[in-house]
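Undergrad: So here's protein31.cif (mmCIF, C-alpha atoms).
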```cif
data_input
#
loop_
_atom_site.label_atom_id
_atom_site.label_comp_id
_atom_site.auth_asym_id
_atom_site.auth_seq_id
_atom_site.Cartn_x
_atom_site.Cartn_y
_atom_site.Cartn_z
CA MET A 1 -6.91 39.58 26.72
CA ARG A 2 -3.21 39.58 25.80
CA PHE A 3 -2.46 37.49 28.87
CA VAL A 4 -5.23 34.99 28.04
CA ILE A 5 -3.74 34.55 24.57
CA THR A 6 -0.32 33.99 26.16
CA TRP A 7 -1.74 31.23 28.36
CA LEU A 8 -3.43 29.59 25.38
CA ILE A 9 -0.18 29.62 23.42
CA ILE A 10 1.47 27.86 26.36
CA LEU A 11 -1.34 25.31 26.41
CA SER A 12 -1.04 24.59 22.71
CA VAL A 13 2.56 23.54 23.36
CA PHE A 14 2.18 21.58 26.57
CA VAL A 15 -1.23 19.90 26.61
CA PRO A 16 -1.17 16.31 25.21
CA LYS A 17 -2.61 16.32 21.68
CA LYS A 18 -3.86 12.73 21.77
CA LEU A 19 -5.52 11.77 25.03
CA PHE A 20 -6.89 8.58 23.56
CA THR A 21 -5.78 6.74 20.45
CA GLN A 22 -7.24 3.77 18.62
CA ASP A 23 -4.17 1.59 19.25
CA LEU A 24 -5.13 -0.01 22.60
CA ALA A 25 -1.53 0.49 23.67
CA GLY A 26 -2.35 -0.53 27.22
CA ILE A 27 -2.89 -4.24 26.46
CA THR A 28 -0.07 -6.65 25.64
CA VAL A 29 0.08 -10.07 24.01
CA ALA A 30 0.93 -11.66 27.36
CA GLN A 31 -2.13 -10.06 29.00
CA ILE A 32 -4.38 -11.24 26.18
CA VAL A 33 -3.01 -14.78 26.62
CA ASN A 34 -4.11 -14.64 30.26
CA ILE A 35 -7.53 -13.35 29.24
CA LEU A 36 -8.07 -16.09 26.66
CA SER A 37 -6.89 -18.83 29.01
CA ALA A 38 -9.14 -17.77 31.90
CA LYS A 39 -11.40 -20.59 33.01
CA ASN A 40 -14.08 -18.20 34.24
CA GLN A 41 -16.02 -16.79 31.27
CA ASN A 42 -16.71 -13.61 33.25
CA LYS A 43 -12.97 -12.85 33.23
CA LYS A 44 -12.65 -13.10 29.45
CA TYR A 45 -12.70 -9.44 28.57
CA ILE A 46 -10.12 -6.85 27.56
CA PRO A 47 -9.75 -4.44 30.51
CA LEU A 48 -11.22 -1.00 29.99
CA TYR A 49 -7.99 0.74 30.98
CA SER A 50 -6.31 -0.64 27.84
CA VAL A 51 -8.80 1.18 25.64
CA ALA A 52 -7.29 4.50 26.77
CA GLY A 53 -4.53 3.74 24.30
CA HIS A 54 -1.64 5.22 26.25
CA VAL A 55 0.72 4.11 28.97
CA ILE A 56 1.44 6.69 31.66
CA THR A 57 5.21 6.88 32.09
CA LYS A 58 6.94 8.36 35.11
CA GLN A 59 8.24 11.23 33.00
CA GLY A 60 4.87 11.81 31.32
CA LYS A 61 3.16 11.89 34.72
CA LYS A 62 5.66 14.44 36.02
CA GLU A 63 5.20 16.67 32.97
CA SER A 64 1.42 16.49 33.19
CA PHE A 65 1.41 17.58 36.84
CA GLU A 66 3.66 20.49 35.85
CA HIS A 67 1.13 21.45 33.18
CA ILE A 68 -1.64 21.36 35.78
CA LYS A 69 0.34 23.73 38.00
CA ILE A 70 0.61 26.18 35.11
CA LEU A 71 -3.11 25.83 34.42
CA ASN A 72 -4.00 26.38 38.08
CA LYS A 73 -2.21 29.74 37.97
CA ALA A 74 -3.90 30.65 34.70
CA ILE A 75 -7.35 29.75 36.06
CA PHE A 76 -6.69 31.78 39.22
CA SER A 77 -5.99 34.81 37.02
CA TYR A 78 -8.72 34.12 34.47
CA PRO A 79 -11.48 32.11 36.20
CA ASP A 80 -13.97 32.73 33.39
CA SER A 81 -11.92 31.05 30.66
CA SER A 82 -13.69 27.85 29.65
CA GLN A 83 -10.71 26.85 27.48
CA LEU A 84 -8.44 26.74 30.51
CA TYR A 85 -10.84 24.40 32.34
CA VAL A 86 -11.06 22.14 29.28
CA ALA A 87 -7.27 22.03 29.04
CA ARG A 88 -6.87 21.15 32.72
CA GLY A 89 -9.61 18.55 32.43
CA LYS A 90 -7.75 16.89 29.55
CA GLU A 91 -4.59 16.70 31.62
CA ARG A 92 -6.50 15.21 34.55
CA MET A 93 -8.23 12.69 32.31
CA TRP A 94 -4.88 11.66 30.83
CA LEU A 95 -3.72 11.02 34.41
CA THR A 96 -6.94 9.02 35.04
CA ILE A 97 -8.09 11.55 37.66
CA TYR A 98 -11.58 11.25 36.24
CA SER A 99 -13.68 12.92 38.95
CA ASP A 100 -11.58 16.08 38.84
CA ALA A 101 -11.60 16.01 35.04
CA LEU A 102 -15.40 15.83 35.11
CA ASP A 103 -15.52 18.87 37.41
CA ASP A 104 -13.39 20.83 34.95
CA PHE A 105 -15.44 19.85 31.89
CA GLU A 106 -18.71 20.68 33.67
CA LYS A 107 -17.28 24.04 34.74
CA ALA A 108 -16.33 24.75 31.11
CA GLY A 109 -19.90 23.97 30.13
CA ASP A 110 -21.25 26.26 32.82
CA LEU A 111 -19.04 29.04 31.44
CA GLY A 112 -20.70 28.66 28.08
CA SER A 113 -18.10 26.68 26.18
CA ASN A 114 -19.36 26.09 22.65
CA ASN A 115 -16.51 23.68 21.90
CA ASP A 116 -18.25 20.77 20.18
CA SER A 117 -15.64 18.33 21.45
CA LEU A 118 -16.72 19.04 25.04
CA ASN A 119 -19.62 16.58 24.62
CA LEU A 120 -17.13 13.94 23.48
CA LEU A 121 -14.89 14.64 26.47
CA LEU A 122 -17.85 14.47 28.86
CA GLY A 123 -18.95 11.20 27.27
CA LYS A 124 -15.49 9.69 27.73
CA VAL A 125 -15.03 10.79 31.32
CA HIS A 126 -18.49 9.47 32.30
CA LEU A 127 -17.56 6.21 30.57
CA PHE A 128 -14.41 5.82 32.66
CA LEU A 129 -16.36 6.72 35.80
CA GLY A 130 -18.82 3.92 35.00
CA HIS A 131 -21.79 6.20 34.26
CA ARG A 132 -23.41 4.39 31.32
CA LYS A 133 -26.50 6.60 30.89
CA SER A 134 -24.65 9.91 31.18
CA ALA A 135 -21.91 8.74 28.83
CA LEU A 136 -24.47 7.81 26.17
CA VAL A 137 -26.30 11.14 26.54
CA PHE A 138 -23.17 13.19 25.80
CA LEU A 139 -21.88 10.86 23.10
CA ASP A 140 -25.24 10.98 21.31
CA ARG A 141 -25.09 14.79 21.38
CA TYR A 142 -21.65 14.67 19.78
CA ILE A 143 -22.75 12.07 17.19
CA LYS A 144 -25.80 14.15 16.24
CA VAL A 145 -23.52 17.00 15.20
CA ASN A 146 -20.74 14.75 13.85
CA PRO A 147 -22.46 11.72 12.29
CA ASP A 148 -19.58 11.02 9.90
CA LYS A 149 -16.81 11.02 12.51
CA THR A 150 -15.69 7.78 14.11
CA ALA A 151 -14.82 9.14 17.56
CA GLY A 152 -18.32 9.38 19.04
CA LEU A 153 -19.45 6.10 17.51
CA PHE A 154 -16.36 4.27 18.75
CA TRP A 155 -16.75 5.44 22.34
CA LYS A 156 -20.45 4.62 22.22
CA ALA A 157 -19.50 1.08 21.21
CA ILE A 158 -17.11 0.98 24.16
CA VAL A 159 -19.92 1.99 26.52
CA TYR A 160 -22.03 -0.87 25.20
CA MET A 161 -19.18 -3.35 25.53
CA TYR A 162 -18.10 -2.45 29.06
CA HIS A 163 -21.07 -1.16 31.01
CA GLN A 164 -24.16 -3.03 32.10
CA LYS A 165 -27.71 -1.79 31.68
CA SER A 166 -28.40 -3.62 34.93
CA ARG A 167 -26.77 -6.29 37.09
CA PHE A 168 -28.54 -8.90 34.98
CA HIS A 169 -26.94 -7.63 31.76
CA SER A 170 -24.40 -10.36 30.92
CA ILE A 171 -21.07 -10.04 29.09
CA LYS A 172 -22.59 -11.97 26.19
CA GLU A 173 -25.43 -9.44 25.92
CA ARG A 174 -22.98 -6.53 26.13
CA TYR A 175 -20.86 -7.97 23.34
CA LEU A 176 -23.91 -8.57 21.16
CA GLU A 177 -24.94 -4.96 21.72
CA SER A 178 -21.47 -3.61 20.92
CA ILE A 179 -20.97 -5.40 17.57
CA PRO A 180 -23.42 -3.23 15.52
CA ALA A 181 -21.89 -0.13 17.11
CA PHE A 182 -18.35 -1.14 16.10
CA THR A 183 -19.72 -1.94 12.64
CA LYS A 184 -20.89 1.67 12.28
CA VAL A 185 -17.35 2.83 13.02
CA LEU A 186 -15.92 0.44 10.45
CA ASP A 187 -18.48 1.54 7.85
CA ILE A 188 -16.84 4.96 8.05
CA ASP A 189 -13.24 3.78 8.47
CA ASP A 190 -12.64 0.13 7.64
CA SER A 191 -9.08 0.36 8.96
CA HIS A 192 -10.04 1.51 12.48
CA SER A 193 -7.73 -0.87 14.33
CA ALA A 194 -9.30 -0.74 17.79
CA SER A 195 -12.75 -1.50 16.37
CA LEU A 196 -11.35 -4.41 14.37
CA LEU A 197 -9.67 -5.84 17.45
CA LEU A 198 -12.62 -5.37 19.80
CA ARG A 199 -15.32 -6.50 17.36
CA GLY A 200 -13.16 -9.48 16.47
CA PHE A 201 -12.74 -10.26 20.15
CA ALA A 202 -16.51 -10.03 20.65
CA TYR A 203 -17.07 -12.48 17.78
CA PHE A 204 -14.38 -14.76 19.23
CA TYR A 205 -16.01 -14.70 22.67
CA LEU A 206 -19.38 -15.50 21.07
CA GLN A 207 -17.71 -18.38 19.16
CA ASP A 208 -18.51 -16.83 15.80
CA TYR A 209 -15.04 -17.75 14.61
CA GLU A 210 -15.45 -17.12 10.88
CA LYS A 211 -16.42 -13.49 11.48
CA ALA A 212 -13.66 -13.15 14.06
CA LEU A 213 -11.15 -14.32 11.46
CA LEU A 214 -12.24 -11.63 9.02
CA ASP A 215 -11.64 -8.89 11.60
CA PHE A 216 -8.28 -10.25 12.77
CA LYS A 217 -7.06 -10.73 9.19
CA LYS A 218 -8.04 -7.15 8.41
CA LEU A 219 -6.27 -5.98 11.56
CA LYS A 220 -3.16 -7.85 10.44
CA ASP A 221 -3.35 -6.12 7.06
CA VAL A 222 -3.82 -2.71 8.67
CA LYS A 223 -1.13 -3.17 11.33
CA PRO A 224 1.22 -6.01 10.34
CA GLU A 225 3.52 -5.17 13.25
CA ASP A 226 0.73 -5.71 15.82
CA HIS A 227 1.34 -9.21 17.17
CA ARG A 228 -1.98 -9.24 19.00
CA ALA A 229 -3.50 -9.95 15.59
CA ASP A 230 -1.17 -12.96 15.26
CA LEU A 231 -2.25 -14.22 18.68
CA PHE A 232 -5.95 -13.90 17.92
CA LEU A 233 -5.55 -15.48 14.48
CA GLY A 234 -3.66 -18.38 16.05
CA ASN A 235 -6.27 -18.88 18.75
CA THR A 236 -9.16 -18.62 16.31
CA TYR A 237 -7.68 -21.21 13.96
CA PHE A 238 -6.90 -23.36 17.02
CA GLU A 239 -10.56 -23.26 18.05
CA LEU A 240 -11.55 -24.21 14.50
CA GLY A 241 -9.23 -27.22 14.64
CA GLU A 242 -6.97 -25.87 11.89
CA LEU A 243 -3.75 -26.49 13.80
CA GLU A 244 -1.34 -25.98 10.92
CA LYS A 245 -2.64 -22.43 10.36
CA ALA A 246 -2.73 -21.81 14.10
CA CYS A 247 0.90 -22.88 14.43
CA THR A 248 1.92 -20.52 11.64
CA TYR A 249 0.76 -17.52 13.66
CA TYR A 250 2.09 -18.86 16.96
CA SER A 251 5.49 -19.28 15.26
CA ILE A 252 5.38 -15.60 14.23
CA LEU A 253 4.81 -14.72 17.86
CA LYS A 254 7.72 -16.87 19.03
CA ASP A 255 10.05 -15.46 16.40
CA SER A 256 9.12 -11.92 17.43
CA GLY A 257 10.17 -12.66 21.02
CA GLU A 258 6.71 -12.55 22.55
CA LYS A 259 6.44 -14.48 25.81
CA GLY A 260 3.61 -16.02 27.79
CA LEU A 261 2.19 -18.31 25.09
CA ASN A 262 -0.04 -21.14 26.18
CA LYS A 263 2.12 -24.15 27.20
CA MET A 264 -0.14 -26.56 25.39
CA VAL A 265 0.35 -24.57 22.19
CA GLU A 266 4.12 -24.53 22.69
CA LYS A 267 4.13 -28.32 22.99
CA SER A 268 1.92 -28.94 19.97
CA CYS A 269 3.18 -26.25 17.58
CA LEU A 270 6.52 -24.83 18.54
CA LYS A 271 8.82 -27.87 18.66
#
```
Can you turn what I pasted into structure tokens?
TA:
Amino acid sequence: MRFVITWLIILSVFVPKKLFTQDLAGITVAQIVNILSAKNQNKKYIPLYSVAGHVITKQGKKESFEHIKILNKAIFSYPDSSQLYVARGKERMWLTIYSDALDDFEKAGDLGSNNDSLNLLLGKVHLFLGHRKSALVFLDRYIKVNPDKTAGLFWKAIVYMYHQKSRFHSIKERYLESIPAFTKVLDIDDSHSASLLLRGFAYFYLQDYEKALLDFKKLKDVKPEDHRADLFLGNTYFELGELEKACTYYSILKDSGEKGLNKMVEKSCLK
């Protein structure tokens, strides 16, 4: 038992505390410009990888593989420790090794883990593996026990936004399905930045510009340093024909050093 405790102390130091944040750190202004300027409507979506909210650096990747080596030794010595499998699964999920992460989380479940967050982890990993039904099953289990927490509701909204019920389930239908789910998150935490950005983007895609404006303005209030809000506000006002307001936000982007703005906008606004 003493050795198990020693391993768990090691894990508490080394295992990443935040596998997924609500910052969408993986998507940049330049990438969003490309998304918004796409001629094909089917390409106008924020990639799922950006929702992970972290960028895997070379150093971070090296450290995470070192953690996995430590965990492999611990699991060899203590194969019945569900906590060790959960910890290794988190590291693997952070590295986007989703199939192996799923194996670890399922093994932890088989060992009788009563960690409530395991359902959330299983829901996430099934989401990133593209398993819509399984992701919803585990997320609903987590939500049933934690109805007032945003995590399960947010990831359920992500499932709706990114995964088809069938091959006939269009992007428009997915976005319509995701909006009420993001709204539930925002009913609990009205400053949840990822939900504001993604619900706003869904409204923008559906050409419900007035509602999109409300979300992007709120996002700007919550995170004034996030220039993606400036870009979306500029584009939304542009679509509404309010060029003076659009140019105000595009100017903020230019002054901040952001690159990749639409050339037409540069000609009309940024002289």
Undergrad: Name the residues that the PyMOL selection byres ((chain A and resi 246-257) around 6) picks from the file above, as an MDAnalysis selection string, using the file's chain letters and numbers.
TA: chainID A and resid 230 234 237:238 243:245 258 269
Undergrad: Please, what distance in Å, to one decimal, runs between CA of Val29 in chain A and CA of Leu197 in chain A?
TA: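 Interatomic distance, CA of Val29 in chain A to CA of Leu197 in chain A: 12.5 Å.
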Undergrad: Got a sec to check which residues sit within 10 Å of (-18.4, -2.0, 13.0), counting all atoms listed in the file, and write them as an NGL selection string?
TA: :A and (153-154 or 157 or 178-190 or 192 or 195-196 or 198-200 or 215)
Undergrad: Which is closest to Arg88 in chain A among A:Lys144, A:Arg132, A:His67, A:Lys220, if we use all atoms listed in the file?
TA: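 Among the listed residues, the smallest separation from Arg88 in chain A belongs to A:His67.
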Undergrad: For Ile46 in chain A, which residue among A:Ala202, A:Leu118, A:Val86, A:Ala229 is the nearest when counting all atoms listed in the file?
TA: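 Distance minimum relative to Ile46 in chain A lands on A:Ala202.
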Undergrad: Assuming the chain letters and numbering stay as they are in my file, what does the PyMOL selection byres ((chain A and resi 97) around 12) actually select? List them as a PyMOL selection string.
TA: chain A and resi 61+64-65+68+88-96+98-104+125-126+128-129
Undergrad: Taking (-15.2, 27.7, 27.4) in the file's coordinates, which residues come within 8 Å, counting all atoms listed in the file, written as a PyMOL selection string?
TA: chain A and resi 80-86+108-109+111-115
Undergrad: Name all residues at most 7 Å from range 160-162 of chain A (count all atoms listed in the file; drop same-chain ones fewer than 4 positions away) and give them as a list of chain:residue names.
TA: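 Listing them by chain and then by number gives A:Lys156, A:Arg174, A:Tyr175, A:Glu177, A:Ser178.
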Undergrad: What is the CA of Val137 in chain A-CA of Trp155 in chain A distance in Å, reported with one decimal?
TA: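 Going from CA of Val137 in chain A over to CA of Trp155 in chain A, I get 11.9 Å.
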Undergrad: Under the PyMOL selection byres ((chain A and resi 142) around 10), which residues of this model are included? Write them out as a short mmCIF file (atom, residue, chain, number, x, y, z; two decimals) with C-alpha atoms, in the frame of the given file.
TA:
```
data_model
loop_
_atom_site.label_atom_id
_atom_site.label_comp_id
_atom_site.auth_asym_id
_atom_site.auth_seq_id
_atom_site.Cartn_x
_atom_site.Cartn_y
_atom_site.Cartn_z
CA ASP A 116 -18.25 20.77 20.18
CA SER A 117 -15.64 18.33 21.45
CA LEU A 118 -16.72 19.04 25.04
CA ASN A 119 -19.62 16.58 24.62
CA LEU A 120 -17.13 13.94 23.48
CA LEU A 121 -14.89 14.64 26.47
CA LEU A 122 -17.85 14.47 28.86
CA GLY A 123 -18.95 11.20 27.27
CA LEU A 136 -24.47 7.81 26.17
CA VAL A 137 -26.30 11.14 26.54
CA PHE A 138 -23.17 13.19 25.80
CA LEU A 139 -21.88 10.86 23.10
CA ASP A 140 -25.24 10.98 21.31
CA ARG A 141 -25.09 14.79 21.38
CA ILE A 143 -22.75 12.07 17.19
CA LYS A 144 -25.80 14.15 16.24
CA VAL A 145 -23.52 17.00 15.20
CA ASN A 146 -20.74 14.75 13.85
CA PRO A 147 -22.46 11.72 12.29
CA LYS A 149 -16.81 11.02 12.51
CA ALA A 151 -14.82 9.14 17.56
CA GLY A 152 -18.32 9.38 19.04
CA LEU A 153 -19.45 6.10 17.51
#
```
Undergrad: What separation in Å, quoted to one decimal, exists between CA of Leu176 in chain A and CA of Tyr205 in chain A?
TA: 10.1 Å
Undergrad: Counting only C-alpha atoms, figure out which residue out of A:Ala135, A:Leu206, A:Leu233, A:Val159 gets nearest to Leu219 in chain A.
TA: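 Of all the options, A:Leu233 lies closest to Leu219 in chain A.
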Undergrad: Closest to Asp226 in chain A among A:Ser193, A:Lys133, A:Glu242, A:Ala212, using all atoms listed in the file?
TA: A:Ser193
Undergrad: Quick one: axis-aligned box around all listed atoms of range 167-185 of chain A, 4 Å on every side, centre and edge lengths in Å to one decimal, written as JSON.
TA:
```
{"center_x": -22.9, "center_y": -4.6, "center_z": 24.7, "size_x": 19.2, "size_y": 22.8, "size_z": 32.8}
```
